[in-house]
>>> print(open('work06.cif').read())   # mmCIF, C-alpha atoms
data_target
loop_
_atom_site.label_atom_id
_atom_site.label_comp_id
_atom_site.auth_asym_id
_atom_site.auth_seq_id
_atom_site.Cartn_x
_atom_site.Cartn_y
_atom_site.Cartn_z
CA MET A 1 17.61 26.14 1.21
CA GLY A 2 17.44 24.50 4.62
CA LEU A 3 15.76 25.77 7.75
CA THR A 4 17.46 28.23 10.08
CA GLU A 5 18.38 27.09 13.57
CA GLU A 6 15.54 29.22 14.97
CA GLN A 7 13.01 27.65 12.57
CA THR A 8 14.18 24.15 13.48
CA THR A 9 13.74 24.96 17.17
CA ILE A 10 10.23 26.27 16.54
CA ILE A 11 9.21 23.16 14.60
CA LYS A 12 10.50 20.87 17.37
CA ALA A 13 8.62 22.94 19.94
CA THR A 14 5.34 22.16 18.17
CA VAL A 15 5.77 18.38 18.61
CA PRO A 16 3.75 18.21 21.88
CA ILE A 17 0.88 20.09 20.20
CA LEU A 18 0.94 17.69 17.24
CA GLU A 19 1.01 14.68 19.56
CA THR A 20 -2.25 15.74 21.23
CA GLY A 21 -4.01 17.74 18.52
CA GLY A 22 -2.53 16.62 15.21
CA GLU A 23 -5.62 14.78 14.05
CA ALA A 24 -7.92 17.75 14.70
CA LEU A 25 -5.54 19.90 12.68
CA THR A 26 -5.40 17.51 9.71
CA LYS A 27 -9.19 17.04 9.69
CA HIS A 28 -9.57 20.82 9.46
CA PHE A 29 -6.89 20.92 6.76
CA TYR A 30 -8.73 18.35 4.63
CA GLY A 31 -12.01 20.18 5.18
CA ILE A 32 -10.50 23.39 3.79
CA MET A 33 -8.64 21.80 0.90
CA LEU A 34 -11.30 19.42 -0.37
CA SER A 35 -14.06 22.04 -0.23
CA GLU A 36 -12.10 24.87 -1.84
CA HIS A 37 -9.78 23.06 -4.27
CA PRO A 38 -11.68 20.58 -6.44
CA GLU A 39 -8.57 20.01 -8.56
CA VAL A 40 -7.00 17.88 -5.80
CA VAL A 41 -10.14 15.97 -4.76
CA PRO A 42 -9.44 13.01 -7.14
CA PHE A 43 -6.28 12.17 -5.19
CA PHE A 44 -8.19 11.43 -1.98
CA ASN A 45 -10.50 8.53 -1.18
CA LYS A 46 -13.83 9.67 0.33
CA THR A 47 -14.19 6.46 2.30
CA HIS A 48 -10.81 6.97 3.96
CA GLN A 49 -11.79 10.56 4.73
CA ALA A 50 -15.09 9.52 6.32
CA SER A 51 -13.44 6.81 8.43
CA GLY A 52 -10.78 9.22 9.66
CA ASP A 53 -7.99 7.02 8.30
CA GLN A 54 -6.59 9.67 5.98
CA PRO A 55 -6.46 12.52 8.53
CA ARG A 56 -4.98 10.10 11.06
CA ALA A 57 -2.29 8.97 8.62
CA LEU A 58 -1.39 12.54 7.70
CA ALA A 59 -1.25 13.57 11.37
CA ASN A 60 1.23 10.78 12.01
CA SER A 61 3.35 11.80 9.01
CA VAL A 62 3.41 15.47 10.07
CA LEU A 63 4.38 14.43 13.60
CA MET A 64 7.17 12.19 12.32
CA TYR A 65 8.47 15.02 10.16
CA ALA A 66 8.46 17.49 13.05
CA LYS A 67 10.20 15.02 15.37
CA ASN A 68 12.92 14.38 12.79
CA ILE A 69 13.21 17.87 11.33
CA ASP A 70 16.95 17.88 12.07
CA ARG A 71 17.41 14.18 11.20
CA LEU A 72 15.64 13.80 7.87
CA GLN A 73 17.50 10.57 7.13
CA ASN A 74 15.25 8.92 9.74
CA LEU A 75 12.27 9.54 7.47
CA GLY A 76 13.56 7.13 4.81
CA PRO A 77 10.78 4.50 4.95
CA VAL A 78 8.00 7.07 5.45
CA ALA A 79 9.28 9.25 2.59
CA SER A 80 9.52 6.21 0.31
CA GLN A 81 5.89 5.29 1.05
CA ILE A 82 4.74 8.85 0.33
CA VAL A 83 6.70 9.03 -2.94
CA ASN A 84 5.30 5.70 -4.12
CA LYS A 85 1.73 6.70 -3.26
CA HIS A 86 2.10 10.09 -4.95
CA VAL A 87 3.64 8.55 -8.07
CA SER A 88 0.93 5.90 -8.25
CA LEU A 89 -1.71 8.66 -8.36
CA ALA A 90 0.27 11.00 -10.67
CA VAL A 91 0.61 13.83 -8.15
CA ARG A 92 2.29 16.81 -9.85
CA PRO A 93 4.47 19.70 -8.56
CA GLU A 94 1.64 22.21 -8.99
CA HIS A 95 -0.40 20.37 -6.37
CA TYR A 96 2.10 21.11 -3.60
CA PRO A 97 1.39 24.86 -3.19
CA VAL A 98 -2.32 24.04 -2.72
CA VAL A 99 -1.53 21.59 0.07
CA GLY A 100 0.96 23.98 1.65
CA SER A 101 -1.35 26.99 1.76
CA CYS A 102 -4.20 24.93 3.23
CA LEU A 103 -1.91 23.35 5.83
CA LEU A 104 -0.61 26.73 7.01
CA ARG A 105 -4.13 28.12 7.17
CA ALA A 106 -5.27 25.10 9.21
CA ILE A 107 -2.38 25.54 11.64
CA ARG A 108 -3.35 29.17 12.23
CA GLU A 109 -7.08 28.49 12.52
CA VAL A 110 -6.85 25.41 14.77
CA LEU A 111 -4.06 26.55 17.06
CA GLY A 112 -5.05 30.20 17.12
CA ALA A 113 -2.93 33.29 16.51
CA GLU A 114 -1.45 33.27 20.01
CA THR A 115 0.10 29.83 19.50
CA ALA A 116 0.48 29.88 15.73
CA THR A 117 2.36 33.17 15.66
CA ASP A 118 3.85 34.66 12.51
CA ALA A 119 7.17 33.07 13.46
CA VAL A 120 5.54 29.62 13.81
CA ILE A 121 3.77 29.99 10.47
CA ALA A 122 7.00 31.12 8.81
CA ALA A 123 8.87 28.14 10.28
CA TRP A 124 6.24 25.69 9.08
CA ALA A 125 6.15 27.36 5.65
CA ALA A 126 9.90 26.80 5.34
CA ALA A 127 9.61 23.24 6.67
CA TYR A 128 6.81 22.42 4.25
CA GLN A 129 8.75 23.86 1.29
CA GLN A 130 11.79 21.83 2.29
CA LEU A 131 9.73 18.64 2.34
CA ALA A 132 7.92 19.54 -0.90
CA ASP A 133 11.24 20.07 -2.69
CA ILE A 134 12.52 16.69 -1.49
CA LEU A 135 9.35 14.86 -2.57
CA ILE A 136 9.01 16.63 -5.93
CA ALA A 137 12.59 15.74 -6.85
CA ALA A 138 12.18 12.13 -5.73
CA GLU A 139 8.88 11.76 -7.58
CA GLU A 140 10.27 13.26 -10.79
CA LYS A 141 13.12 10.76 -10.66
CA VAL A 142 10.63 7.89 -10.47
CA TYR A 143 8.47 9.35 -13.26
CA GLN A 144 11.53 9.51 -15.50
CA GLU A 145 12.51 5.95 -14.61
CA HIS A 146 9.00 4.79 -15.52
CA GLU A 147 9.18 6.54 -18.90
CA ALA A 148 12.61 5.06 -19.66
CA ALA A 149 11.70 1.49 -18.64
CA VAL A 150 10.87 -1.17 -21.21
CA GLY A 151 7.10 -0.98 -21.63
CA GLY A 152 7.01 2.05 -19.34
CA TRP A 153 4.98 5.23 -19.56
CA ARG A 154 3.99 8.37 -17.70
CA GLY A 155 0.45 9.44 -16.84
CA ASP A 156 -2.61 7.59 -18.14
CA ARG A 157 -2.34 4.68 -20.57
CA THR A 158 -5.41 2.98 -21.99
CA PHE A 159 -5.86 -0.74 -21.36
CA VAL A 160 -8.59 -3.05 -22.62
CA ILE A 161 -10.24 -5.79 -20.56
CA ALA A 162 -9.06 -8.93 -22.37
CA ARG A 163 -10.57 -11.35 -19.89
CA LYS A 164 -12.75 -11.21 -16.77
CA GLU A 165 -12.92 -14.18 -14.39
CA ALA A 166 -14.93 -14.78 -11.25
CA GLU A 167 -12.52 -15.84 -8.50
CA ALA A 168 -14.90 -16.14 -5.56
CA GLU A 169 -18.04 -14.64 -4.11
CA ASN A 170 -17.95 -10.94 -5.07
CA ILE A 171 -14.33 -11.18 -6.30
CA ALA A 172 -13.30 -10.96 -9.96
CA SER A 173 -10.00 -10.78 -11.82
CA PHE A 174 -9.53 -8.41 -14.75
CA TYR A 175 -6.84 -9.17 -17.34
CA LEU A 176 -5.83 -5.85 -18.88
CA ALA A 177 -3.96 -5.52 -22.18
CA PRO A 178 -2.58 -2.22 -23.51
CA GLU A 179 -4.71 -0.77 -26.27
CA ASP A 180 -1.54 0.22 -28.15
CA HIS A 181 -0.40 -3.46 -28.16
CA GLY A 182 2.94 -2.43 -26.71
CA LYS A 183 4.92 -4.01 -23.90
CA VAL A 184 4.04 -3.42 -20.26
CA MET A 185 6.46 -2.31 -17.60
CA ALA A 186 7.85 -4.92 -15.22
CA TYR A 187 6.94 -4.68 -11.54
CA GLU A 188 7.95 -6.17 -8.23
CA PRO A 189 5.77 -8.78 -6.49
CA GLY A 190 3.50 -6.80 -4.13
CA GLN A 191 3.26 -3.61 -6.20
CA TYR A 192 0.01 -2.06 -7.42
CA THR A 193 -1.38 -0.04 -10.31
CA CYS A 194 -3.77 2.89 -10.21
CA VAL A 195 -7.07 2.73 -12.09
CA HIS A 196 -8.00 6.25 -13.19
CA ILE A 197 -11.65 6.90 -14.08
CA PRO A 198 -11.99 10.54 -15.16
CA GLU A 199 -15.79 10.53 -14.92
CA LEU A 200 -17.76 8.32 -12.53
CA ASP A 201 -20.88 9.61 -10.85
CA GLY A 202 -19.72 13.14 -11.54
CA GLN A 203 -16.32 12.49 -10.01
CA ASP A 204 -12.74 12.00 -11.19
CA VAL A 205 -11.56 8.97 -9.18
CA ARG A 206 -8.32 7.04 -8.76
CA ARG A 207 -7.94 3.74 -6.93
CA ASN A 208 -4.92 1.52 -6.38
CA TYR A 209 -5.22 -2.23 -6.90
CA SER A 210 -2.53 -4.85 -6.33
CA LEU A 211 -1.15 -6.57 -9.41
CA SER A 212 -2.28 -10.07 -8.65
CA GLN A 213 -0.10 -12.20 -10.91
CA PRO A 214 3.64 -12.20 -11.74
CA HIS A 215 4.78 -10.02 -14.62
CA CYS A 216 4.27 -11.85 -17.91
CA GLY A 217 7.75 -11.03 -19.23
CA HIS A 218 8.57 -8.71 -22.08
CA ASP A 219 8.64 -11.53 -24.63
CA ALA A 220 5.22 -12.91 -23.72
CA ALA A 221 2.73 -13.32 -26.55
CA GLU A 222 0.22 -11.26 -24.57
CA ALA A 223 1.36 -8.28 -22.52
CA GLN A 224 -1.13 -8.04 -19.65
CA TYR A 225 -1.64 -6.87 -16.11
CA ARG A 226 -4.11 -8.52 -13.75
CA ILE A 227 -5.98 -6.90 -10.91
CA THR A 228 -8.36 -8.78 -8.63
CA VAL A 229 -11.16 -6.73 -7.12
CA LYS A 230 -13.67 -7.41 -4.37
CA ARG A 231 -17.06 -5.79 -4.94
CA GLU A 232 -17.81 -3.78 -1.80
CA ASP A 233 -21.38 -2.89 -0.84
CA HIS A 234 -20.62 0.83 -0.78
CA GLY A 235 -17.60 0.78 -3.10
CA LEU A 236 -18.16 3.24 -5.92
CA VAL A 237 -15.19 2.06 -7.98
CA SER A 238 -15.36 -1.64 -7.16
CA GLN A 239 -19.02 -1.79 -8.18
CA TYR A 240 -18.23 0.06 -11.40
CA LEU A 241 -15.39 -2.32 -12.24
CA HIS A 242 -17.59 -5.36 -11.65
CA SER A 243 -20.11 -3.91 -14.13
CA LEU A 244 -17.52 -3.86 -16.93
CA ASN A 245 -17.04 -6.56 -19.54
CA VAL A 246 -14.45 -7.81 -22.00
CA GLY A 247 -13.62 -5.05 -24.48
CA ASP A 248 -14.25 -2.18 -22.08
CA ARG A 249 -11.40 0.26 -21.50
CA LEU A 250 -9.62 1.50 -18.39
CA ALA A 251 -6.85 4.05 -17.86
CA LEU A 252 -3.94 2.78 -15.77
CA LEU A 253 -0.91 4.48 -14.27
CA PRO A 254 2.46 2.69 -14.01
CA PRO A 255 3.04 0.19 -11.20
CA ALA A 256 4.30 1.55 -7.88
CA GLY A 257 4.66 0.58 -4.23
CA ASP A 258 7.45 -0.27 -1.80
CA PHE A 259 5.81 -3.31 -0.16
CA VAL A 260 7.60 -5.92 -2.25
CA TYR A 261 8.99 -9.41 -1.84
CA ARG A 262 12.71 -9.20 -1.13
CA ALA A 263 14.39 -12.01 -3.02
CA VAL A 264 17.86 -10.77 -2.04
CA GLU A 265 19.36 -9.52 1.23
CA ASP A 266 20.85 -6.55 -0.62
CA ALA A 267 22.06 -5.72 -4.12
CA SER A 268 25.11 -7.99 -3.82
CA LYS A 269 24.00 -10.74 -1.45
CA PRO A 270 21.50 -13.48 -2.29
CA LEU A 271 18.88 -14.42 0.27
CA ASP A 272 19.71 -17.26 2.63
CA ALA A 273 17.44 -20.01 1.32
CA SER A 274 17.36 -21.68 4.73
CA LYS A 275 15.46 -18.72 6.24
CA PRO A 276 11.78 -19.64 6.56
CA LEU A 277 9.22 -17.43 4.85
CA VAL A 278 5.71 -16.91 6.25
CA LEU A 279 3.03 -15.20 4.17
CA ILE A 280 -0.27 -14.28 5.84
CA ALA A 281 -3.35 -13.02 4.02
CA GLY A 282 -6.70 -11.91 5.35
CA GLY A 283 -9.52 -11.82 2.82
CA VAL A 284 -8.70 -9.97 -0.40
CA GLY A 285 -5.27 -9.23 1.09
CA ILE A 286 -4.29 -12.37 -0.81
CA THR A 287 -3.84 -10.31 -4.00
CA PRO A 288 -0.28 -9.07 -3.31
CA ILE A 289 0.54 -12.09 -1.14
CA TYR A 290 -0.24 -14.53 -3.96
CA THR A 291 2.17 -12.71 -6.27
CA MET A 292 4.84 -12.86 -3.55
CA LEU A 293 4.21 -16.57 -3.11
CA THR A 294 4.78 -17.33 -6.80
CA ALA A 295 7.90 -15.14 -6.80
CA ALA A 296 9.31 -16.91 -3.73
CA LEU A 297 8.76 -20.33 -5.26
CA LYS A 298 10.48 -19.21 -8.45
CA ALA A 299 13.41 -17.59 -6.61
CA SER A 300 14.28 -20.69 -4.57
CA LEU A 301 13.46 -24.38 -4.91
CA THR A 302 14.37 -25.09 -1.30
CA ARG A 303 13.32 -22.14 0.87
CA PRO A 304 10.65 -23.34 3.36
CA ILE A 305 7.46 -21.34 2.80
CA THR A 306 4.27 -21.20 4.84
CA LEU A 307 1.09 -19.52 3.61
CA VAL A 308 -1.70 -18.80 6.10
CA TYR A 309 -4.86 -17.67 4.29
CA CYS A 310 -7.75 -16.45 6.46
CA SER A 311 -11.26 -16.01 5.05
CA HIS A 312 -14.82 -16.01 6.28
CA ALA A 313 -15.63 -19.10 4.20
CA LYS A 314 -14.38 -21.12 1.22
CA GLU A 315 -16.85 -19.32 -1.02
CA SER A 316 -15.16 -15.96 -0.37
CA GLN A 317 -11.63 -17.21 -1.01
CA ALA A 318 -9.89 -16.17 -4.22
CA PHE A 319 -7.21 -18.33 -5.88
CA LYS A 320 -7.93 -21.34 -3.65
CA ALA A 321 -7.63 -23.95 -6.39
CA VAL A 322 -4.39 -22.58 -7.81
CA ILE A 323 -2.87 -22.18 -4.32
CA ASP A 324 -3.77 -25.75 -3.40
CA GLY A 325 -2.24 -26.81 -6.71
CA LEU A 326 1.00 -25.07 -5.82
CA ALA A 327 0.98 -26.81 -2.42
CA THR A 328 0.77 -30.17 -4.18
CA GLU A 329 3.40 -29.29 -6.77
CA HIS A 330 5.83 -27.98 -4.12
CA ALA A 331 4.89 -30.38 -1.33
CA SER A 332 8.42 -30.56 0.10
CA GLN A 333 8.72 -26.78 0.29
CA LEU A 334 5.30 -25.16 0.71
CA ARG A 335 2.78 -25.58 3.51
CA VAL A 336 -0.65 -23.97 3.07
CA HIS A 337 -3.09 -23.44 5.95
CA HIS A 338 -6.62 -22.18 5.29
CA TRP A 339 -8.53 -20.64 8.17
CA TYR A 340 -12.31 -20.19 7.77
CA SER A 341 -13.80 -18.15 10.61
CA THR A 342 -17.37 -19.32 9.98
CA GLU A 343 -16.30 -22.97 9.97
CA GLN A 344 -14.07 -22.58 13.02
CA GLY A 345 -16.60 -20.42 14.82
CA ARG A 346 -13.95 -17.80 15.61
CA ARG A 347 -11.11 -15.76 14.21
CA MET A 348 -7.58 -17.16 14.18
CA THR A 349 -5.87 -16.70 17.57
CA LYS A 350 -2.23 -16.31 18.53
CA ASP A 351 -2.05 -19.98 19.50
CA ASP A 352 -3.64 -21.02 16.20
CA LEU A 353 -1.02 -19.04 14.28
CA ARG A 354 1.83 -20.43 16.38
CA ALA A 355 0.82 -23.93 15.30
CA PHE A 356 1.36 -22.88 11.67
CA MET A 357 4.71 -21.13 12.21
CA PRO A 358 8.15 -22.68 11.59
CA LEU A 359 9.40 -23.79 15.00
CA ILE A 360 12.76 -24.76 16.46
CA ASP A 361 13.65 -26.64 19.66
CA GLY A 362 11.26 -26.05 22.53
CA GLY A 363 8.41 -24.91 20.30
CA VAL A 364 10.02 -21.50 19.73
CA VAL A 365 9.20 -19.68 16.50
CA ASN A 366 12.30 -19.69 14.31
CA PRO A 367 13.81 -16.19 14.79
CA ALA A 368 15.22 -16.22 11.24
CA THR A 369 11.70 -16.17 9.78
CA ASP A 370 10.70 -13.42 7.36
CA ALA A 371 6.99 -12.57 7.55
CA TYR A 372 4.78 -10.63 5.13
CA PHE A 373 1.11 -9.91 5.73
CA VAL A 374 -1.85 -7.96 4.35
CA ALA A 375 -5.24 -8.07 6.05
CA PRO A 376 -7.96 -5.85 7.51
CA LYS A 377 -6.63 -3.18 9.89
CA GLN A 378 -7.48 -4.82 13.20
CA MET A 379 -6.08 -8.16 12.10
CA MET A 380 -2.87 -6.44 10.99
CA ARG A 381 -2.45 -4.79 14.37
CA GLU A 382 -2.87 -8.15 16.07
CA LEU A 383 -0.50 -9.87 13.63
CA LYS A 384 2.29 -7.36 14.14
CA GLN A 385 1.99 -7.59 17.91
CA THR A 386 1.91 -11.38 17.79
CA LEU A 387 4.84 -11.76 15.39
CA VAL A 388 7.14 -9.19 17.03
CA GLU A 389 6.18 -9.11 20.70
CA ASP A 390 4.88 -12.64 21.28
CA PHE A 391 6.89 -14.69 18.78
CA GLY A 392 10.02 -12.55 19.02
CA LEU A 393 10.63 -11.90 15.33
CA PRO A 394 12.86 -8.86 14.69
CA ALA A 395 10.76 -5.91 13.47
CA GLY A 396 13.06 -5.62 10.44
CA GLN A 397 11.89 -9.06 9.26
CA VAL A 398 8.17 -8.24 9.45
CA TYR A 399 6.67 -6.52 6.39
CA TYR A 400 3.13 -5.32 5.82
CA GLU A 401 1.01 -2.87 3.87
CA PHE A 402 -2.36 -1.20 4.29
CA PHE A 403 -5.06 -1.12 1.67
CA GLY A 404 -5.45 2.61 2.20
CA PRO A 405 -3.51 5.32 4.05
CA THR A 406 -0.43 4.07 5.89
CA GLN A 407 -0.87 4.10 9.67
CA PRO A 408 1.19 2.99 12.65
CA ILE A 409 0.13 -0.40 14.02
#
>>> encode(input="work06.cif", output="structure tokens")
Amino acid sequence: MGLTEEQTTIIKATVPILETGGEALTKHFYGIMLSEHPEVVPFFNKTHQASGDQPRALANSVLMYAKNIDRLQNLGPVASQIVNKHVSLAVRPEHYPVVGSCLLRAIREVLGAETATDAVIAAWAAAYQQLADILIAAEEKVYQEHEAAVGGWRGDRTFVIARKEAEAENIASFYLAPEDHGKVMAYEPGQYTCVHIPELDGQDVRRNYSLSQPHCGHDAAEAQYRITVKREDHGLVSQYLHSLNVGDRLALLPPAGDFVYRAVEDASKPLDASKPLVLIAGGVGITPIYTMLTAALKASLTRPITLVYCSHAKESQAFKAVIDGLATEHASQLRVHHWYSTEQGRRMTKDDLRAFMPLIDGGVVNPATDAYFVAPKQMMRELKQTLVEDFGLPAGQVYYEFFGPTQPI
């Protein structure tokens, strides 16, 4: 059942409060929920909580929902991201009432009873239930699609480390084969899988990692996924993964994610192969970008492709040899530019990037260019501004994804 006109009006009236105090509200919400409901703790990354990224991302999502409460179709991209993230972590319908009760309590406690009146709480309860119903239905549809897919499954599936390879300083690839020797579900270039570790340092933890090679195909002799992981100094899961060896087991959830390489304009129209493609990776952001690169080369033998790969140094760069090999093999189509900040003595600037971009007459960046990028947060902010505001690319041709909670940039 939808909201009443009065409830819709109340929700819209809270937008100014959310614009100024949304983050304080979501921080209080997480404090309540994570301290009183241990059953949902595994779905949240402590590092993202400590940095404020997760409360900030939720505050933005709540604000977007309130602003569009009477135009839910405008939430399409945001809702898709939430569904994919929830599915990747195996969020279940019974988790929603926990979130809802904590959110309503946080609204009352942060805003106070004079502002968060019974009518406001009732309106937000109805709004939350409306959103929960939409998400639960959408997530169940995806779960069923995963189960029905060739090589698909639902929930945890045990995989065995078939191979472990050092890719660079503190970066290793793990080749994971299903313990049941069955097929593995296909995925889109750019998607990720969730590693679920039920017991690690007294915690149940889940982490998403990009699938860093193209799908092997259902007829391949070895059905495998590959993830490529950087060992972080304070990374509980990354350090654990780097301690594992061939033969060790990991539980994976099915691939998910909506940051994917678009090889077609739409379901009925192939991509214009004359449109330049620019892929930009910062550090370990190369993991989904590399898969997109191989997919793009396979999809078209003529589409001009530029890869810009930024790292601190050659020693910290994964896949360098294979990428350089692709540049040689596809010399007429693919240009690869490596940027090493230690060697250059600085980070890549706007002018540096312009020199790598496909240009037309007058040194203007080709406006038909599609651009995909994954990098550290600050670099992503700069890249989006540069590509859209400085180079003039349409926002609809610029695609990116965070390693962590989605945030506006």
>>> atom_distance(input="work06.cif", atom1="atom CA of A:Ile17", atom2="atom CA of A:Ile107")
10.7 Å
>>> resolve_selection(input="work06.cif", expression="the PyMOL selection byres ((chain A and resi 208) around 7)", output="NGL selection string")
:A and (192-195 or 206-207 or 209-210)
>>> resolve_selection(input="work06.cif", expression="the PyMOL selection byres ((chain A and resi 250-265) around 8)", output="PyMOL selection string")
chain A and resi 80-81+84-85+87-90+146+152-161+185+187-197+248-249+266-272+292+295-296+299+399-401
>>> residues_around(input="work06.cif", residues="stretch 117-131 of chain A", least_positions_apart="2", cutoff="7 Å", atoms="all atoms listed in the file", output="list in words")
Gly2, Leu3, Gln7, Ile10, Ile11, Gly100, Leu104, Ala113, Glu114, Thr115, Asp133, Ile134 and Leu135 of chain A
>>> closest_residue(input="work06.cif", among="A:His330, A:His337, A:Lys275, A:Arg381", to="A:Gln397", atoms="only C-alpha atoms")
A:Lys275
>>> resolve_selection(input="work06.cif", expression="the PyMOL selection byres ((chain A and resi 289) around 8)", output="PyMOL selection string")
chain A and resi 190+279-281+285-288+290-293+372-374
>>> axis_aligned_box(input="work06.cif", around="stretch 275-284 of chain A", padding_each_side="8 Å", output="lines of an AutoDock Vina configuration file")
center_x = 3.0
center_y = -14.8
center_z = 3.1
size_x = 41.0
size_y = 25.7
size_z = 23.0
>>> atom_distance(input="work06.cif", atom1="atom CA of A:Val205", atom2="atom CA of A:Arg105")
26.3 Å
>>> closest_residue(input="work06.cif", among="A:Glu389, A:Glu19, A:Asp352, A:Asp370", to="A:Ser274", atoms="all atoms listed in the file")
A:Asp370
>>> residues_around(input="work06.cif", residues="stretch 224-229 of chain A", least_positions_apart="4", cutoff="7 Å", atoms="only C-alpha atoms", output="count of residues only")
16
>>> residues_near_point(input="work06.cif", point="(6.5, 16.8, 14.0)", cutoff="8 Å", atoms="only C-alpha atoms", output="JSON, numbers by chain")
{"A": [11, 12, 14, 15, 18, 61, 62, 63, 64, 65, 66, 67, 68, 69]}
>>> residues_around(input="work06.cif", residues="stretch 23-31 of chain A", least_positions_apart="5", cutoff="12 Å", atoms="only C-alpha atoms", output="PDB file with C-alpha atoms, in the coordinates of the input")
ATOM      1  CA  ILE A  17       0.880  20.090  20.200  1.00  0.00           C
ATOM      2  CA  LEU A  18       0.940  17.690  17.240  1.00  0.00           C
ATOM      3  CA  GLU A  36     -12.100  24.870  -1.840  1.00  0.00           C
ATOM      4  CA  HIS A  37      -9.780  23.060  -4.270  1.00  0.00           C
ATOM      5  CA  PRO A  38     -11.680  20.580  -6.440  1.00  0.00           C
ATOM      6  CA  VAL A  40      -7.000  17.880  -5.800  1.00  0.00           C
ATOM      7  CA  VAL A  41     -10.140  15.970  -4.760  1.00  0.00           C
ATOM      8  CA  PHE A  43      -6.280  12.170  -5.190  1.00  0.00           C
ATOM      9  CA  PHE A  44      -8.190  11.430  -1.980  1.00  0.00           C
ATOM     10  CA  ASN A  45     -10.500   8.530  -1.180  1.00  0.00           C
ATOM     11  CA  LYS A  46     -13.830   9.670   0.330  1.00  0.00           C
ATOM     12  CA  HIS A  48     -10.810   6.970   3.960  1.00  0.00           C
ATOM     13  CA  GLN A  49     -11.790  10.560   4.730  1.00  0.00           C
ATOM     14  CA  ALA A  50     -15.090   9.520   6.320  1.00  0.00           C
ATOM     15  CA  SER A  51     -13.440   6.810   8.430  1.00  0.00           C
ATOM     16  CA  GLY A  52     -10.780   9.220   9.660  1.00  0.00           C
ATOM     17  CA  ASP A  53      -7.990   7.020   8.300  1.00  0.00           C
ATOM     18  CA  GLN A  54      -6.590   9.670   5.980  1.00  0.00           C
ATOM     19  CA  PRO A  55      -6.460  12.520   8.530  1.00  0.00           C
ATOM     20  CA  ARG A  56      -4.980  10.100  11.060  1.00  0.00           C
ATOM     21  CA  ALA A  57      -2.290   8.970   8.620  1.00  0.00           C
ATOM     22  CA  LEU A  58      -1.390  12.540   7.700  1.00  0.00           C
ATOM     23  CA  ALA A  59      -1.250  13.570  11.370  1.00  0.00           C
ATOM     24  CA  ASN A  60       1.230  10.780  12.010  1.00  0.00           C
ATOM     25  CA  SER A  61       3.350  11.800   9.010  1.00  0.00           C
ATOM     26  CA  VAL A  62       3.410  15.470  10.070  1.00  0.00           C
ATOM     27  CA  LEU A  63       4.380  14.430  13.600  1.00  0.00           C
ATOM     28  CA  VAL A  98      -2.320  24.040  -2.720  1.00  0.00           C
ATOM     29  CA  VAL A  99      -1.530  21.590   0.070  1.00  0.00           C
ATOM     30  CA  GLY A 100       0.960  23.980   1.650  1.00  0.00           C
ATOM     31  CA  SER A 101      -1.350  26.990   1.760  1.00  0.00           C
ATOM     32  CA  CYS A 102      -4.200  24.930   3.230  1.00  0.00           C
ATOM     33  CA  LEU A 103      -1.910  23.350   5.830  1.00  0.00           C
ATOM     34  CA  LEU A 104      -0.610  26.730   7.010  1.00  0.00           C
ATOM     35  CA  ARG A 105      -4.130  28.120   7.170  1.00  0.00           C
ATOM     36  CA  ALA A 106      -5.270  25.100   9.210  1.00  0.00           C
ATOM     37  CA  ILE A 107      -2.380  25.540  11.640  1.00  0.00           C
ATOM     38  CA  ARG A 108      -3.350  29.170  12.230  1.00  0.00           C
ATOM     39  CA  GLU A 109      -7.080  28.490  12.520  1.00  0.00           C
ATOM     40  CA  VAL A 110      -6.850  25.410  14.770  1.00  0.00           C
ATOM     41  CA  LEU A 111      -4.060  26.550  17.060  1.00  0.00           C
ATOM     42  CA  GLY A 112      -5.050  30.200  17.120  1.00  0.00           C
TER      43      GLY A 112
END
>>> closest_residue(input="work06.cif", among="A:Gln344, A:Asn170, A:Gln203, A:Thr294", to="A:His215", atoms="only C-alpha atoms")
A:Thr294
>>> closest_residue(input="work06.cif", among="A:Lys320, A:Lys350, A:Lys183, A:His242", to="A:Ala168", atoms="all atoms listed in the file")
A:Lys320
>>> closest_residue(input="work06.cif", among="A:Ala137, A:Ala331, A:Ser316, A:Tyr309", to="A:Leu297", atoms="all atoms listed in the file")
A:Ala331
